[in-house]
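Contents: one structure, followed by commentary.
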Amino acid sequence: MSRRPPLSAYAAAALLLLAVAGPLLTPDDPDAGNLRERLLAPGSAGHPLGTDTQGRDVLSRLLVAAGPSLLGGLLPVVVATLAGGLLGIAAGLGGRTTENVLLRALDVLYAFPGVLLAITVATVLRPGLLATVVSLSVVLTPAVTRVAFTEVRRIRTAAFLEAARVSGAGAASVAVRQVAPVVAPVLLVYASSLVGLAVVYAAGLSFLGLGVPPPAAEWGAMLDELRPSLLTRPEVAVLPAVTILVVSVVFNCLGEALRRRAGGGHEVGRPPAVEAAR
Amino acid sequence: MRRYLLRRLLLAVPTLLGVTVVVFAAVALVPGDPVTAFLGPGAPAEARERLAERLGLGEPLPVRYGHWLWHALHGDLGVSVSAQRPVADLLGPALGQTLLLAGAAFLLVITGGTLLGALGAGRPEGRRARAGRAVSTLAVSAPQYSVALLLIAVFAVALRWFPAGGTRDLFTGGGPADQLHHLVLPAVAAALVPLGLTARVFGAALSSVLHSDLADGLRARGLRRAAVLRHCVHNASPALLTIGGLQLAYLLEGVVFVETLFAWPGVGRLLYDALTARDLPLVQGGVLLVAVAFVGVNIVVDTAHALVDPRLRGAL
């Protein structure tokens, strides 16, 4: 097994760099429209990827959008990993009642296909990055909890926990010092496999008008904005869709590479929100 | 087996109740005044009061939930704000269209997924198997809305092989062949993610069966390759049922985007329109319908799985 980072790791790093540096790299003002230069084809003078319906430079908008679009996918994964880790450990160590209540509650959330649950939660909030982060955290947390719980259940009768308890460690100390270090690496690998899906969901919510609102640039919102131009200028209209597709492939390949290196894990499937549960 | 089914159904009751609580609470928590949303800002005070009373807004939340659930159980999901028609009347015909689309997509998922998964399953490190896995990774990573847009751009706009949207030809009205023609692109767009998932799971299962003692035994008894393969496919198929719920979840959530982009008049399209118009009763009804359908089909999948694999019957 090679110790070199996989190709997808470099690609993901480049994407993150782009997200941070994007606003500095724009060839044009991403919000400045020009009605005389509407829907130019890619390769036009000064607009390498063409312009949108308001004459704004598409390359500049795609670059500026990288930040909020990736953040909308990454933040929920971070929140869900922390929350799911805590809940999973609580369910695993907390006794039968805690376990039952938590797992039953999660079953309810599992009864929604992911996007539908995100829609339900996001409608309560004002459209924006916060709505995306909150609703996707709710969607992803049950799966992370399940992974953490499975791991805790595997080790909860292990001798080293018994030893810690016998030597007088309290419940909190056992959870933090003994259980968390075992669960954390498993969760990290699992979380990495969720990023691609979360970015796709985040853009999907913006497409539905529940995420970052216009005129701010965001990949999913751009997809919706450019949709009417699909018949007249398809080569520009598909660009946000292609961007999201490429980002999703990169993060999924990275998640899979990490999972394979961590020793098998689930051979199955798209790094899915719901997978671990079934 | 009957006991299994009974317990599975009973287990679904608290889940379904939980689903209704979540859907109700989400809409009840939305800031803003539902009376103004329904009647508009300039409505006379008398009409406002009458509507507030009819909607039961003065009652405490649990009472309102009870009323809402009671009505929902009787098929009354309230009135759509944007269409000013009962939500159930809008959802009914839309559900038929969604089932048609999802059914067509499901056929693609099963045939395409098993074929792609079986590609080179005999030699999992061979070139064909690697290519198959690369394709299925691409498929599971592809967001449905991206696929839908690309399909429209290539096959509808550039090549003009398929229509860009709708269910039938607007001028001629269209026969079954025309409807099928309209169904192809949306079905492919909705099918791709679960198809990739199916290919991976089935491929892994088939290659492990092909390398098991069962397969060795069959070969040792002199069965021909096709016969061995048939037995192994049979043994690998239950793996598809273990991810049945997951496939379905992706199919249903994909439908929201696919229907919107292809102007397919199903539940997903209705949800998009409802979200754009902030028509909360319609959003509520649509989400509830899909979630309940999802729970229901999961029961079917689990039961089928238990029928195929008797070991699971004890698990509940």
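Chain lettering (A, B, ...) mirrors the order of the structure tokens, residue numbering begins at 1 for each chain separately, and ligand numbering begins at 1 in order of display.
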
Contact table chain A vs chain B, cut-off 8 Å, shortest pair per residue, only C-alpha atoms, as a Markdown table:
```
| residue | atom | partner | partner_atom | distance |
| --- | --- | --- | --- | --- |
| A:Arg104 | CA | B:Thr15 | CA | 7.8 |
| A:Ala105 | CA | B:Gly18 | CA | 7.8 |
| A:Asp107 | CA | B:Thr15 | CA | 6.5 |
| A:Val108 | CA | B:Thr15 | CA | 5.0 |
| A:Leu109 | CA | B:Val19 | CA | 7.5 |
| A:Ala111 | CA | B:Val295 | CA | 5.9 |
| A:Phe112 | CA | B:Ala291 | CA | 5.2 |
| A:Pro113 | CA | B:Ala249 | CA | 4.8 |
| A:Gly114 | CA | B:Glu253 | CA | 7.0 |
| A:Val115 | CA | B:Glu253 | CA | 5.7 |
| A:Leu116 | CA | B:Val287 | CA | 6.2 |
| A:Thr120 | CA | B:Ala26 | CA | 6.2 |
| A:Val121 | CA | B:Ala26 | CA | 6.3 |
| A:Thr123 | CA | B:Val30 | CA | 7.0 |
| A:Val124 | CA | B:Val30 | CA | 4.5 |
| A:Leu125 | CA | B:Val30 | CA | 7.2 |
| A:Gly196 | CA | B:Ser141 | CA | 7.6 |
| A:Leu197 | CA | B:Ser141 | CA | 7.7 |
| A:Val200 | CA | B:Pro143 | CA | 6.2 |
| A:Gly204 | CA | B:Tyr145 | CA | 7.8 |
| A:Leu208 | CA | B:Tyr272 | CA | 6.4 |
| A:Gly209 | CA | B:Thr276 | CA | 6.7 |
| A:Leu230 | CA | B:Ala153 | CA | 6.7 |
| A:Leu231 | CA | B:Val157 | CA | 6.1 |
| A:Pro234 | CA | B:Ala153 | CA | 5.5 |
| A:Glu235 | CA | B:Ala153 | CA | 7.7 |
| A:Val238 | CA | B:Leu150 | CA | 6.3 |
| A:Ala241 | CA | B:Ser146 | CA | 4.4 |
| A:Val242 | CA | B:Ser146 | CA | 6.5 |
| A:Ile244 | CA | B:Ser146 | CA | 7.4 |
| A:Leu245 | CA | B:Ala142 | CA | 5.5 |
| A:Ser248 | CA | B:Ser141 | CA | 5.7 |
| A:Val249 | CA | B:Ser141 | CA | 5.3 |
| A:Asn252 | CA | B:Ser141 | CA | 6.7 |
| A:Cys253 | CA | B:Thr137 | CA | 8.0 |
| A:Glu267 | CA | B:Ala204 | CA | 7.8 |
| A:Val268 | CA | B:Val201 | CA | 5.7 |
| A:Gly269 | CA | B:Leu197 | CA | 5.1 |
| A:Arg270 | CA | B:Val140 | CA | 5.6 |
| A:Val274 | CA | B:Leu246 | CA | 7.0 |
| A:Glu275 | CA | B:Leu246 | CA | 7.0 |
| A:Arg278 | CA | B:Ile243 | CA | 7.2 |
```

Those of region 65-173 of chain B in DSSP helix (DSSP H, G or I), formatted as JSON, numbers by chain: {"B": [65, 66, 67, 68, 69, 70, 71, 72, 73, 87, 88, 89, 90, 91, 92, 93, 94, 95, 96, 97, 98, 99, 100, 101, 102, 103, 104, 105, 106, 107, 108, 109, 110, 111, 112, 113, 114, 115, 116, 117, 118, 127, 128, 129, 130, 131, 132, 133, 134, 135, 136, 137, 138, 139, 140, 141, 144, 145, 146, 147, 148, 149, 150, 151, 152, 153, 154, 155, 156, 157, 158]}

Shell of 6 Å around region 102-113 of chain B, only C-alpha atoms, local chain residues under 3 positions omitted, as a VMD selection string: chain B and resid 98 to 99 116 to 117 187 191 195 198 to 199

Please list as an MDAnalysis selection string every residue within 8 Å of region 236-238 of chain B, counting only C-alpha atoms and excluding residues in the same chain fewer than 6 positions away. chainID B and resid 202 205:206 209 305 308:309

Considering only C-alpha atoms, return as a list of chain:residue names whatever protein or nucleic-acid residues lie within 9 Å of Ala19 (chain A), sequence-local ones (same chain, fewer than 5 positions apart) excluded. A:Ala14, A:Leu63, A:Val64, A:Ala65, A:Ala66, A:Gly67, A:Pro68, A:Ser69, A:Leu70, A:Leu71

Residues near region 82-85 of chain A, cut-off 9 Å, only C-alpha atoms, skip fewer than 3 positions along chain, as a PyMOL selection string: chain A and resi 77-79+88-90+137+140-149+180+183-184+187

Can you list, as JSON, numbers by chain, every protein, DNA or RNA residue that comes within 12 Å of Leu39 (chain A) when you count only C-alpha atoms, leaving out same-chain residues fewer than 5 positions away? {"A": [33, 34, 44, 47, 49, 50, 51, 52, 53, 54, 55, 56, 57, 58, 225, 226, 228, 229, 230, 231, 232, 233, 234, 235, 236, 237]}

Hey, which of A:Ala131, A:Met222, A:Val189, A:Ala217 ends up closest to Asp29 (chain A)? Count only C-alpha atoms. A:Ala217
